[in-house]
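J.: A single structure is presented below for examination.
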Amino acid sequence: MGVEGCCNKKVMEEEALVKNITSLAAAIGELPSLSPSPAVNALFTELVTSCIPTSTVDVDALGPEAQEMRARLIRLCADAEGHLEAHYSDLLAAHDNPLDHLTLFPYFNNYIKLSQLEHGLLARHVPGPAPARVAFLGSGPLPLSSLVLAARHLPDASFDNYDISGEANERASKRLVRNDAAAGARMAFRTADVADVTTELAGYDVVFLAALVGMAAEEKARLVEHLGRRHMAPGAALVVRSAHGARGFLYPVVDPEEIRRGGFEVLTVHHPEDEVINSVIIARKAAAPAAVAADGDVPVNNGGMPAQCAVAVSRPCLGCACELGTRAHQKMKEMAMEEMEA
C-alpha cells in the first residue's frame, strides 16, 4: 500500500471512530440516570472499549460539532464516574471495616496500576526524600488514589484530600475512614474549590490535581497557573493526569505547554498503552523561567526533590473495559440477590 493509500485508510479509521463515539455519546445522553445499572454499564463498556486501543486521532483537531460532542461526553463520563464512586462508597460503608473491602470496587486494580505508574515516574524524575505531606485536589467520595498511594507507596506521608463537594467528603471521611485509626490519623478531608486553596499549597510535599478538576482547557490552564505562578513553593513537583488519542473522548487532554506556561518545568509525559487510560505528566514548580516541555516520556531536568514538593494528579479513569463489563455488572447482580434474600 502506498503513502496515499495509508493516509486514506487512516482518515477512514478516524472517521469511523468518531462516528461510533458520537453514536455512543447520543445513547448515553438519553439515559434517564447515570447511576450504575446494566444499561449504563453496557454503554460505558462499549465506549471505553472503543477508546482504549492506540489511535492516531487528534481530538483537539476535530471540527466544531465533534468538539461539542466530546465536551458533552466528558461531562457525562464525569457524572457517571461520580455516581459510581458514590455508589461503591456507600456499599463499602456497610462493612464494619470498609478499607478491608476496597477490592469490591470494579476498577480497584486500575487504581493500583495508575498509582504505581505515577509514583514510579515521580521517583525517577524527581528523586530525593520521600514526601511527608501530600494534597490531592479533587479526591471525590471514594479517594482510592490517596488510599493506594498511602498504603503502598508513601507509608509515612499524611494526605489532605480536597473536594468541592461536602457530600463527597462526608462519604469519604465519615463512612470509609471512620473505623481505621491508622488511615484516619493520616487522612484529612477539606471542602473547597481548588481556586480558593491558596497559602496551604506551599506547605505540601506532594499535591495531586484530579483529571476532572478543570474539564475545559481554559479552566485547567487557570488552575495550573493558580498552582504554579502563585501558591506552590519553588521546586515543588506536579503530577497531572491527562489523556492521549481516542482516550481524549473520556478525559480532558492537558497540553504540556500549558503546564510550562503555568510556571512549571515539565519533566516527563507518559502515555500508557494498556488499560490505564490516563496519561501522566510529571512537572516541577520552576525557581526560574520554566524549561521547554518534554513530548513523550523524556526527562528535561532530573534535579533532586527539594523539601517542599507538590504533585497534581487527576481523578482516576473509568477503568478497564473488561472490568466495567464483567466485574461491575456481576457486583450489581450479587447486590440485587442479597437484597432479595434480605
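By convention in this document, the chains of the C-alpha cells carry letters A, B, ... by their order, each chain's residues are numbered from 1, and ligands are numbered from 1 in the order they are shown.
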Determine, counting only C-alpha atoms, which protein, DNA and RNA residues have an atom within 9 Å of an atom of Ala172 in chain A; residues of the same chain fewer than 3 positions away are not included. Present the result as a list in words.
T.: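 The residues satisfying every condition are Ser89, Ser139, Gly140, Pro141, Leu142, Pro143, Glu167, Ala168, Asn169, Arg175, Leu176, Val177, Arg178 and Phe189 of chain A.
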J.: Determine which residues of range 193-272 of chain A receive a DSSP assignment of strand (DSSP E), computed from the backbone, and state them as a list in words.
T.: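 Residues of range 193-272 of chain A classed as strand (DSSP E): Val206, Val207, Phe208, Leu209, Ala237, Leu238, Val239, Val240, Arg241, Ser242, Phe264, Glu265, Val266, Leu267, Thr268, Val269 and His270 of chain A.
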J.: Please identify all polymer residues within 7 Å of Ala132 in chain A, counting only C-alpha atoms, omitting same-chain residues fewer than 4 positions from it, and present them as a PyMOL selection string.
T.: chain A and resi 156-158+205
J.: Could those residues be written to a file, using all heavy atoms, as a compact mmCIF listing (two decimals), in the first residue's frame?
T.:
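Result saved to again12.txt:
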```
# COMPACT_ATOMS: atom_id res chain seq x y z
N ASP A 156 4.71 6.87 55.03
CA ASP A 156 4.96 7.82 56.11
C ASP A 156 4.35 9.19 55.84
O ASP A 156 4.53 10.11 56.64
CB ASP A 156 6.46 7.96 56.34
CG ASP A 156 7.11 6.65 56.77
OD1 ASP A 156 6.49 5.93 57.58
OD2 ASP A 156 8.21 6.34 56.27
N ALA A 157 3.65 9.34 54.73
CA ALA A 157 3.10 10.65 54.35
C ALA A 157 1.70 10.84 54.92
O ALA A 157 0.95 9.89 55.12
CB ALA A 157 3.08 10.79 52.84
N SER A 158 1.35 12.09 55.17
CA SER A 158 -0.02 12.46 55.52
C SER A 158 -0.68 13.05 54.27
O SER A 158 -0.01 13.67 53.44
CB SER A 158 -0.05 13.47 56.67
OG SER A 158 0.62 14.68 56.29
N ASP A 205 4.39 18.60 50.38
CA ASP A 205 5.48 18.00 49.63
C ASP A 205 4.97 17.46 48.29
O ASP A 205 5.71 17.42 47.32
CB ASP A 205 6.10 16.84 50.42
CG ASP A 205 6.72 17.32 51.71
OD1 ASP A 205 7.48 18.30 51.67
OD2 ASP A 205 6.41 16.74 52.76
```
J.: Check the DSSP output for the backbone and give back, as number ranges by chain, the residues of range 41-101 of chain A in alpha helix (DSSP H).
T.: A: 41-51, 64-93
J.: Would you save the residues from that selection as a compact mmCIF listing (two decimals), in the first residue's frame, using N, CA and C atoms?
T.:
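Resulting contents of out.txt:
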```txt
# COMPACT_ATOMS: atom_id res chain seq x y z
N ASN A 41 -23.79 0.39 32.47
CA ASN A 41 -22.55 -0.39 32.38
C ASN A 41 -22.27 -0.82 30.95
N ALA A 42 -23.31 -1.26 30.25
CA ALA A 42 -23.11 -1.76 28.88
C ALA A 42 -22.63 -0.66 27.95
N LEU A 43 -23.23 0.52 28.05
CA LEU A 43 -22.84 1.62 27.16
C LEU A 43 -21.43 2.11 27.46
N PHE A 44 -21.10 2.22 28.74
CA PHE A 44 -19.75 2.68 29.06
C PHE A 44 -18.70 1.61 28.76
N THR A 45 -19.09 0.35 28.85
CA THR A 45 -18.18 -0.72 28.42
C THR A 45 -17.83 -0.54 26.96
N GLU A 46 -18.84 -0.33 26.13
CA GLU A 46 -18.60 -0.15 24.70
C GLU A 46 -17.80 1.10 24.43
N LEU A 47 -18.08 2.16 25.17
CA LEU A 47 -17.35 3.41 24.98
C LEU A 47 -15.87 3.24 25.31
N VAL A 48 -15.59 2.67 26.47
CA VAL A 48 -14.20 2.51 26.88
C VAL A 48 -13.47 1.54 25.95
N THR A 49 -14.16 0.48 25.55
CA THR A 49 -13.56 -0.48 24.62
C THR A 49 -13.19 0.19 23.31
N SER A 50 -13.98 1.14 22.87
CA SER A 50 -13.71 1.86 21.62
C SER A 50 -12.54 2.83 21.75
N CYS A 51 -12.33 3.35 22.97
CA CYS A 51 -11.33 4.40 23.16
C CYS A 51 -9.97 3.90 23.60
N PRO A 64 -15.90 21.66 14.89
CA PRO A 64 -16.71 22.23 15.98
C PRO A 64 -17.80 21.29 16.49
N GLU A 65 -18.48 20.61 15.58
CA GLU A 65 -19.56 19.71 16.01
C GLU A 65 -19.02 18.55 16.84
N ALA A 66 -17.92 17.96 16.40
CA ALA A 66 -17.31 16.86 17.14
C ALA A 66 -16.74 17.34 18.48
N GLN A 67 -16.23 18.56 18.50
CA GLN A 67 -15.71 19.11 19.75
C GLN A 67 -16.83 19.31 20.77
N GLU A 68 -17.98 19.77 20.31
CA GLU A 68 -19.12 19.93 21.21
C GLU A 68 -19.56 18.58 21.76
N MET A 69 -19.59 17.57 20.87
CA MET A 69 -19.95 16.22 21.31
C MET A 69 -18.97 15.73 22.35
N ARG A 70 -17.68 15.92 22.09
CA ARG A 70 -16.65 15.45 23.02
C ARG A 70 -16.78 16.13 24.37
N ALA A 71 -17.02 17.43 24.40
CA ALA A 71 -17.16 18.15 25.66
C ALA A 71 -18.36 17.62 26.45
N ARG A 72 -19.48 17.37 25.76
CA ARG A 72 -20.66 16.80 26.44
C ARG A 72 -20.35 15.42 26.98
N LEU A 73 -19.63 14.62 26.19
CA LEU A 73 -19.34 13.26 26.59
C LEU A 73 -18.43 13.22 27.82
N ILE A 74 -17.44 14.08 27.87
CA ILE A 74 -16.56 14.12 29.03
C ILE A 74 -17.35 14.48 30.29
N ARG A 75 -18.29 15.41 30.16
CA ARG A 75 -19.13 15.75 31.31
C ARG A 75 -19.99 14.57 31.73
N LEU A 76 -20.52 13.82 30.75
CA LEU A 76 -21.30 12.64 31.07
C LEU A 76 -20.44 11.59 31.76
N CYS A 77 -19.22 11.41 31.27
CA CYS A 77 -18.30 10.47 31.91
C CYS A 77 -18.00 10.89 33.35
N ALA A 78 -17.81 12.18 33.55
CA ALA A 78 -17.53 12.68 34.90
C ALA A 78 -18.72 12.42 35.83
N ASP A 79 -19.93 12.68 35.32
CA ASP A 79 -21.13 12.44 36.14
C ASP A 79 -21.28 10.96 36.47
N ALA A 80 -21.07 10.11 35.46
CA ALA A 80 -21.19 8.67 35.68
C ALA A 80 -20.14 8.18 36.68
N GLU A 81 -18.94 8.72 36.57
CA GLU A 81 -17.88 8.33 37.49
C GLU A 81 -18.22 8.74 38.91
N GLY A 82 -18.80 9.93 39.07
CA GLY A 82 -19.21 10.39 40.38
C GLY A 82 -20.29 9.50 40.99
N HIS A 83 -21.28 9.12 40.17
CA HIS A 83 -22.33 8.22 40.65
C HIS A 83 -21.75 6.86 41.04
N LEU A 84 -20.82 6.37 40.24
CA LEU A 84 -20.23 5.06 40.51
C LEU A 84 -19.44 5.08 41.82
N GLU A 85 -18.64 6.12 42.02
CA GLU A 85 -17.85 6.21 43.24
C GLU A 85 -18.74 6.38 44.46
N ALA A 86 -19.78 7.19 44.35
CA ALA A 86 -20.70 7.37 45.47
C ALA A 86 -21.40 6.05 45.81
N HIS A 87 -21.81 5.33 44.77
CA HIS A 87 -22.49 4.05 44.96
C HIS A 87 -21.60 3.07 45.72
N TYR A 88 -20.34 2.95 45.30
CA TYR A 88 -19.46 2.00 45.96
C TYR A 88 -18.95 2.51 47.29
N SER A 89 -18.90 3.80 47.48
CA SER A 89 -18.57 4.34 48.79
C SER A 89 -19.63 3.94 49.80
N ASP A 90 -20.90 4.05 49.40
CA ASP A 90 -22.00 3.64 50.28
C ASP A 90 -21.98 2.13 50.52
N LEU A 91 -21.68 1.36 49.47
CA LEU A 91 -21.63 -0.09 49.59
C LEU A 91 -20.52 -0.51 50.56
N LEU A 92 -19.36 0.10 50.43
CA LEU A 92 -18.24 -0.22 51.31
C LEU A 92 -18.53 0.19 52.75
N ALA A 93 -19.24 1.31 52.92
CA ALA A 93 -19.54 1.81 54.25
C ALA A 93 -20.43 0.87 55.05
```
J.: What's the 9 Å shell around Glu15 in chain A, counting only C-alpha atoms, without same-chain residues fewer than 5 positions away, as an MDAnalysis selection string?
T.: chainID A and resid 10 20 57
J.: Please report the interatomic distance between CA of Val269 in chain A and CA of Ile281 in chain A in Å with one decimal.
T.: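 Pair CA of Val269 in chain A / CA of Ile281 in chain A returns 4.6 Å.
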J.: Of the candidates A:Ala181, A:Asn161, A:Glu219, A:Arg171, which one gets nearest to Val197 in chain A if we count only C-alpha atoms?
T.: A:Asn161
J.: Which residue is closest to Val240 in chain A? Choose from A:Ala61, A:Ala182, A:Ala188, A:Leu121 and count only C-alpha atoms.
T.: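 Counting only C-alpha atoms, the residue closest to Val240 in chain A is A:Leu121.
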